[in-house]
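K.L.:
I am attaching a structure below and will ask some questions about it afterwards.
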Amino acid sequence: MPEFNKSSPLEFLGLSGTSFSGELPGSIGNLKSLDYFGVVGCNFTGPIPSSLGNLTQLTSLQLAENRLHGEFPPGIFHLPNLRSLDVGLNKDLTGRMPDLNRSSPLKFLELSNTIFSGELPGSIGNLKSLNYFSAIECNFSGPIPSSLGNLTQLIMLELGDNGLHGSIPRSISRLVNLENLSLFSNLLSGTVEFDLFLKLKNLSWLQLSGNKISLLTKPSTNTTLPKFKILTLASCDLNEFPDFLRNQDELEVLVLSDNKIHGQIPKWMWNLSIETLWYLELGFNSLTGFNQLPVFLPWTNLHVLRLDSNKLRGSLPIPPPSIIWYSVSNNTLTGEIPQLICNLSSAFTLDLSSNYLSGLLPKCLGNMSESLSILNLHNNSFHGTIPDTFSEGNKLKMIDFSQNQLQGRLPRSLAHCTMLEALNLGHNQVNDTFPFWLGTLPELRVLILRSNGIYGAMGNCNSNFDFPNMRIIDLSYNDITGKLPSQCFQNWKAMQILDVKILMYMQANGSFKEPGNTWRVSFPYSMTFTDKGTERVYEKIVDFFIAIDLSSNRFEGDIPEVVGHLKGLQLLNLSNNFLTGPIPSSLVNLTKIEALDFAQNNLSGVIPLQLMQLTFLAFFNVSHNHLTGPIPQGNQFNTFPNSSFSDNPELCGNPLSKKCGNSKDSPPLPSTFEENQKSSSSFEFTWKVVVMGYGCGFIVGLLVGQIVITKKHDWVMKTFAIGQPTRRMVNWRGKRN
């Protein structure tokens, strides 16, 4: 951007959506006649020049969606003619709201997705012309000022995802023009009577999820209620379905999850907004079922149905063909999957996990939808073979059939799932050889076949079946024989990566569109894995978690030196096999390793002293082998218990009671120790695997955090998706993922 001199008569400077970058020049403050300045969606960096506070004629300042940082100049809030200020989606921009003038003409104020902090000043009530105020996902704290009740022209008030505490001020009932009130994911508390909102006749969005409030929903008067479109009341201590919902016929989104609602879903729900409701979430309650069987859900345009973690009984409810996200996990549903499920031609997620469903798997599962990415039937009682009907061009990214009673061979049509990232068939009765042919799948990261009947030798991998993205493989508790697959270890390139920069999770991402809207969804992968000797549930899997479990098979021969090439490994379990020979010293290259389990084998020789350099090693088990000599002393080895080395008659030194013959428990380190320690120091940083529980359930499943709405006015319609000139953020569930 060029420099500007004081003589410039420029009144309009609009660069939004261009590729301009660099820092905003301070000379913009010389443009005394400037009325509009907009650089939305560019790539500007650096601080906002304080000289912008000199632009006394400025009416609109649009700086959203850049990479601006530093302290926002407070003088800009005092510009005498400023009507619109948008600095949203500058994630490193700090600032505080100063005391505000009574004479301010500000109508539009957007601070979302910045790190503005501090308390909202009581003087915010001076902004009598304010129509729109959004500060979602900032760091504001303190109470909501009661002076907000003075802003009677306010149409949208969005303060979700901050640290606001205290009660919701009763003065909010004076905002008679309010259409959108979003207070989700704060620390608000106290009892709130629904009467507080009765005077807000225009209110169509009400989001209170994710606070500590107790909502009394039964109105005390017969006053006509607002017609809601979006209503999110998760975690509001509700004991029953709010009675006022009976008369709501325009609802589009309804979230009542994580409350104390129990019993059957009432009959009147079947008449609730039949044509408009597209998002319904009732998870994490104590609902027992529906009042009619078979259950054909009545909402003709329903896209998202979340009934997870209730006590639903009976057969599987059948959603309409419009469904995109269907999840009924963690209930007590019984019976077979009906053939009508094959009609869900738009489905992205089908999650029926952790129920008591049984019978054969429908043959349509492999080709029921061109958009199906998540197929989760984990922890049911399905039997028979897995249908060999996975079609070419399918978009499946995660298949989880684990903990069932499935039998027979692995379907060879799985090779058609070229977008597959995670395949979990653990704890079944599959009887087949190792599926080397899955090595052609370019995106496969997780392969879990534990506790089945996989037999025979793994054989040697070759360039045609090299599992190029494999990060997690679990073949434990099978009947695999032969030597460990040296060539496979050498080909698993994704396990040889050490560079870790961004914390991300393995998940399937997608989106779907409606007229004028784009909704983004995401489903995190999960698994059960043996970590440091304990079987754990990973509700989310860190993207760079790398692990191998080949335990409880019949592998024989040496541990190949090439295992040391897998520098990204965090967990390695080869226990309970028939391995012989020494522990390879090349394992010193596994600088990220946290667990090594070689117990219950026939290993011999000494424990390599080089393993003392593995500073992240938290679990080490070589019990029940034929190892000899002294146990290394120092560093992590001083933390391992006696049981890590037991039943090796020729081992000596701490923590065993058997002392070594010389005065020292271990010989001195080799001369290369200091050199190796220096080389490993470049890998000081490691990410631990994140083991997460369901908790209240809000962070698992759907990310409906962003929406794009067609821009109609420069202050009313804000969009939710990154990449648009303006946006409005929303979170149905009360917590961000």
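Chain labels run A, B, ... following the order of the structure tokens; each chain numbers its residues from 1, and ligands are numbered from 1 in the order shown.
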As a PyMOL selection string, please: the residues near stretch 486-498 of chain A (cut-off 12 Å, only C-alpha atoms, same-chain neighbours under 4 positions excluded).

P.N.:
chain A and resi 436+439+442-446+458-473+482+543-548+557-572+589-593+680+682-687

K.L.:
Within stretch 60-238 of chain A, find each residue whose DSSP state, derived from the backbone, is strand (DSSP E or B), and express the selection as number ranges by chain.

P.N.:
A: 60-62, 67-71, 84-86, 92-95, 108-110, 115-119, 132-134, 139-142, 156-158, 163-166, 180-182, 187-193, 205-207, 212-216, 230-232

K.L.:
Could you please take those selected residues and save C-alpha atoms as a tab-separated table (two decimals), in the first residue's frame?

P.N.:
chain	number	residue	atom	x	y	z
A	60	SER	CA	-17.01	2.96	8.19
A	61	LEU	CA	-13.83	1.06	9.15
A	62	GLN	CA	-13.68	-2.53	7.91
A	67	ARG	CA	-3.59	-11.02	10.41
A	68	LEU	CA	-3.47	-7.78	12.32
A	69	HIS	CA	-2.03	-7.94	15.81
A	70	GLY	CA	-1.05	-5.77	18.71
A	71	GLU	CA	-3.21	-3.39	20.72
A	84	SER	CA	-19.56	0.86	11.48
A	85	LEU	CA	-16.48	-0.83	12.97
A	86	ASP	CA	-15.50	-4.40	12.04
A	92	ASP	CA	-4.02	-11.96	17.47
A	93	LEU	CA	-5.58	-8.55	17.85
A	94	THR	CA	-5.78	-7.42	21.46
A	95	GLY	CA	-7.65	-4.53	22.97
A	108	PHE	CA	-22.42	-1.73	13.94
A	109	LEU	CA	-19.65	-3.18	16.16
A	110	GLU	CA	-17.96	-6.50	15.30
A	115	ILE	CA	-8.56	-11.41	21.87
A	116	PHE	CA	-10.24	-8.30	23.15
A	117	SER	CA	-10.41	-8.70	26.91
A	118	GLY	CA	-11.38	-7.03	30.15
A	119	GLU	CA	-14.89	-6.08	31.21
A	132	TYR	CA	-25.50	-4.89	16.01
A	133	PHE	CA	-22.91	-5.92	18.60
A	134	SER	CA	-20.99	-9.18	18.19
A	139	ASN	CA	-11.67	-12.97	26.15
A	140	PHE	CA	-14.18	-10.65	27.79
A	141	SER	CA	-14.83	-11.27	31.47
A	142	GLY	CA	-16.86	-9.79	34.29
A	156	MET	CA	-28.34	-8.54	17.38
A	157	LEU	CA	-26.40	-9.13	20.61
A	158	GLU	CA	-23.80	-11.90	20.38
A	163	GLY	CA	-15.66	-15.60	30.24
A	164	LEU	CA	-18.64	-13.50	31.27
A	165	HIS	CA	-20.03	-14.38	34.69
A	166	GLY	CA	-22.81	-13.42	37.02
A	180	ASN	CA	-30.68	-12.54	18.08
A	181	LEU	CA	-29.42	-13.12	21.63
A	182	SER	CA	-26.38	-15.40	21.82
A	187	LEU	CA	-19.81	-18.66	33.03
A	188	LEU	CA	-23.23	-17.16	33.58
A	189	SER	CA	-25.10	-18.51	36.59
A	190	GLY	CA	-28.27	-18.21	38.62
A	191	THR	CA	-31.90	-18.98	37.91
A	192	VAL	CA	-33.40	-17.40	34.80
A	193	GLU	CA	-37.14	-17.22	34.29
A	205	TRP	CA	-32.40	-16.69	17.96
A	206	LEU	CA	-31.85	-17.55	21.63
A	207	GLN	CA	-28.63	-19.35	22.58
A	212	LYS	CA	-24.38	-22.65	34.67
A	213	ILE	CA	-27.85	-21.21	34.63
A	214	SER	CA	-31.02	-22.96	35.69
A	215	LEU	CA	-33.79	-22.05	33.25
A	216	LEU	CA	-37.43	-21.96	34.34
A	230	ILE	CA	-32.89	-21.14	16.60
A	231	LEU	CA	-33.15	-22.24	20.22
A	232	THR	CA	-30.19	-23.80	22.05

K.L.:
DSSP on the backbone: what in stretch 172-419 of chain A comes out helix (DSSP H, G or I), as a short mmCIF file (atom, residue, chain, number, x, y, z; two decimals) with C-alpha atoms, in the first residue's frame?

P.N.:
data_model
loop_
_atom_site.label_atom_id
_atom_site.label_comp_id
_atom_site.auth_asym_id
_atom_site.auth_seq_id
_atom_site.Cartn_x
_atom_site.Cartn_y
_atom_site.Cartn_z
CA ILE A 172 -32.35 -7.32 28.61
CA SER A 173 -36.16 -7.50 28.57
CA ARG A 174 -36.13 -3.85 27.42
CA PHE A 194 -38.28 -17.54 30.72
CA ASP A 195 -40.56 -14.57 31.36
CA LEU A 196 -37.43 -12.45 30.92
CA PHE A 197 -37.73 -12.97 27.16
CA ASP A 243 -44.01 -26.68 27.32
CA PHE A 244 -43.87 -23.51 25.22
CA LEU A 245 -42.37 -25.54 22.34
CA ARG A 246 -45.87 -26.89 21.61
CA ASN A 247 -46.73 -23.74 19.67
CA LYS A 267 -46.54 -36.80 21.41
CA TRP A 268 -46.80 -33.10 20.66
CA MET A 269 -43.17 -33.10 19.47
CA TRP A 270 -44.40 -34.88 16.33
CA ASN A 271 -46.21 -31.69 15.30
CA GLN A 339 -33.61 -51.94 4.93
CA LEU A 340 -35.10 -48.43 4.87
CA ILE A 341 -31.73 -47.18 6.09
CA CYS A 342 -30.55 -47.76 2.51
CA ASN A 343 -32.70 -44.80 1.41
CA LYS A 363 -25.61 -55.20 1.90
CA CYS A 364 -26.25 -51.57 1.00
CA LEU A 365 -23.87 -50.19 3.65
CA GLY A 366 -20.94 -50.00 1.26
CA ARG A 412 -11.78 -57.38 -0.84
CA SER A 413 -13.99 -54.51 -2.01
CA LEU A 414 -12.52 -52.45 0.86
CA ALA A 415 -9.74 -51.76 -1.64
CA HIS A 416 -12.25 -49.48 -3.40
#

K.L.:
Excluding A:Tyr525 and any residue of its chain fewer than 6 positions from it, enumerate the residues within 7 Å of it, using only C-alpha atoms, and give them as a PyMOL selection string.

P.N.:
chain A and resi 506-507+540-541

K.L.:
Could you pull the residues within 8 Å of A:Pro80, counting only C-alpha atoms, minus those fewer than 4 positions along the same chain, as a VMD selection string?

P.N.:
chain A and resid 56 to 57 103 to 105

K.L.:
Give me, as a short mmCIF file (atom, residue, chain, number, x, y, z; two decimals) with N, CA and C atoms, in the first residue's frame, all polymer residues having an atom no more than 6 Å from stretch 346-351 of chain A, counting only C-alpha atoms and skipping those fewer than 5 positions away in the same chain.

P.N.:
data_model
loop_
_atom_site.label_atom_id
_atom_site.label_comp_id
_atom_site.auth_asym_id
_atom_site.auth_seq_id
_atom_site.Cartn_x
_atom_site.Cartn_y
_atom_site.Cartn_z
N ILE A 323 -31.74 -36.74 5.71
CA ILE A 323 -30.78 -36.73 6.82
C ILE A 323 -29.34 -36.74 6.31
N ILE A 324 -28.50 -35.95 6.95
CA ILE A 324 -27.07 -35.89 6.64
C ILE A 324 -26.25 -36.41 7.81
N TRP A 325 -26.68 -36.09 9.02
CA TRP A 325 -25.96 -36.52 10.22
C TRP A 325 -26.95 -37.27 11.12
N TYR A 326 -26.70 -38.55 11.31
CA TYR A 326 -27.62 -39.38 12.10
C TYR A 326 -26.81 -40.12 13.15
N SER A 327 -27.05 -39.82 14.41
CA SER A 327 -26.28 -40.41 15.49
C SER A 327 -27.18 -40.79 16.65
N SER A 371 -22.22 -39.74 -0.41
CA SER A 371 -21.58 -38.78 0.48
C SER A 371 -21.17 -39.37 1.82
N LEU A 372 -21.50 -40.64 2.10
CA LEU A 372 -21.25 -41.23 3.41
C LEU A 372 -19.75 -41.28 3.71
N SER A 373 -19.34 -40.63 4.80
CA SER A 373 -17.94 -40.62 5.21
C SER A 373 -17.71 -41.40 6.49
N ILE A 374 -18.70 -41.42 7.39
CA ILE A 374 -18.56 -42.07 8.70
C ILE A 374 -19.57 -43.20 8.81
N LEU A 375 -19.08 -44.41 9.03
CA LEU A 375 -19.93 -45.58 9.22
C LEU A 375 -19.48 -46.26 10.52
N ASN A 376 -20.23 -46.03 11.59
CA ASN A 376 -19.81 -46.47 12.92
C ASN A 376 -20.86 -47.41 13.51
#

K.L.:
Which one is closest to A:Gly88: A:Pro145, A:Gly22, A:Gly456, A:Gly41? Count only C-alpha atoms.

P.N.:
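Once distances to A:Gly88 are computed over only C-alpha atoms, the minimum belongs to A:Gly41.
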
K.L.:
Rounded to one decimal in Å, what is the spacing between atom CA of A:Thr224 and atom CA of A:Thr300?

P.N.:
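Atom-to-atom, atom CA of A:Thr224 to atom CA of A:Thr300, that is 26.7 Å.
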
K.L.:
Env of A:Val295: 10 Å cut, atoms = only C-alpha atoms, seq-sep filter 4 positions within chain, self excluded. Answer as a PyMOL selection string.

P.N.:
chain A and resi 289-291+314-319

K.L.:
Rounded to one decimal, what separation in Å do you get between atom CA of A:Thr534 and atom CA of A:Leu550?

P.N.:
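Interatomic distance, atom CA of A:Thr534 to atom CA of A:Leu550: 15.2 Å.
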
K.L.:
Would you mind listing what lies within 12 Å of A:Gly17 as a list in words, with only C-alpha atoms counted and same-chain residues fewer than 2 positions away left out?

P.N.:
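With the cut-off at 12 Å, the set is Gly14, Leu15, Ser19, Phe20, Ser21, Gly38, Val39, Val40, Gly41, Cys42, Asn43, Phe44, Gln62, Leu63, Ala64, Glu65, Asn66, Gly723, Gln724, Pro725 and Thr726 of chain A.
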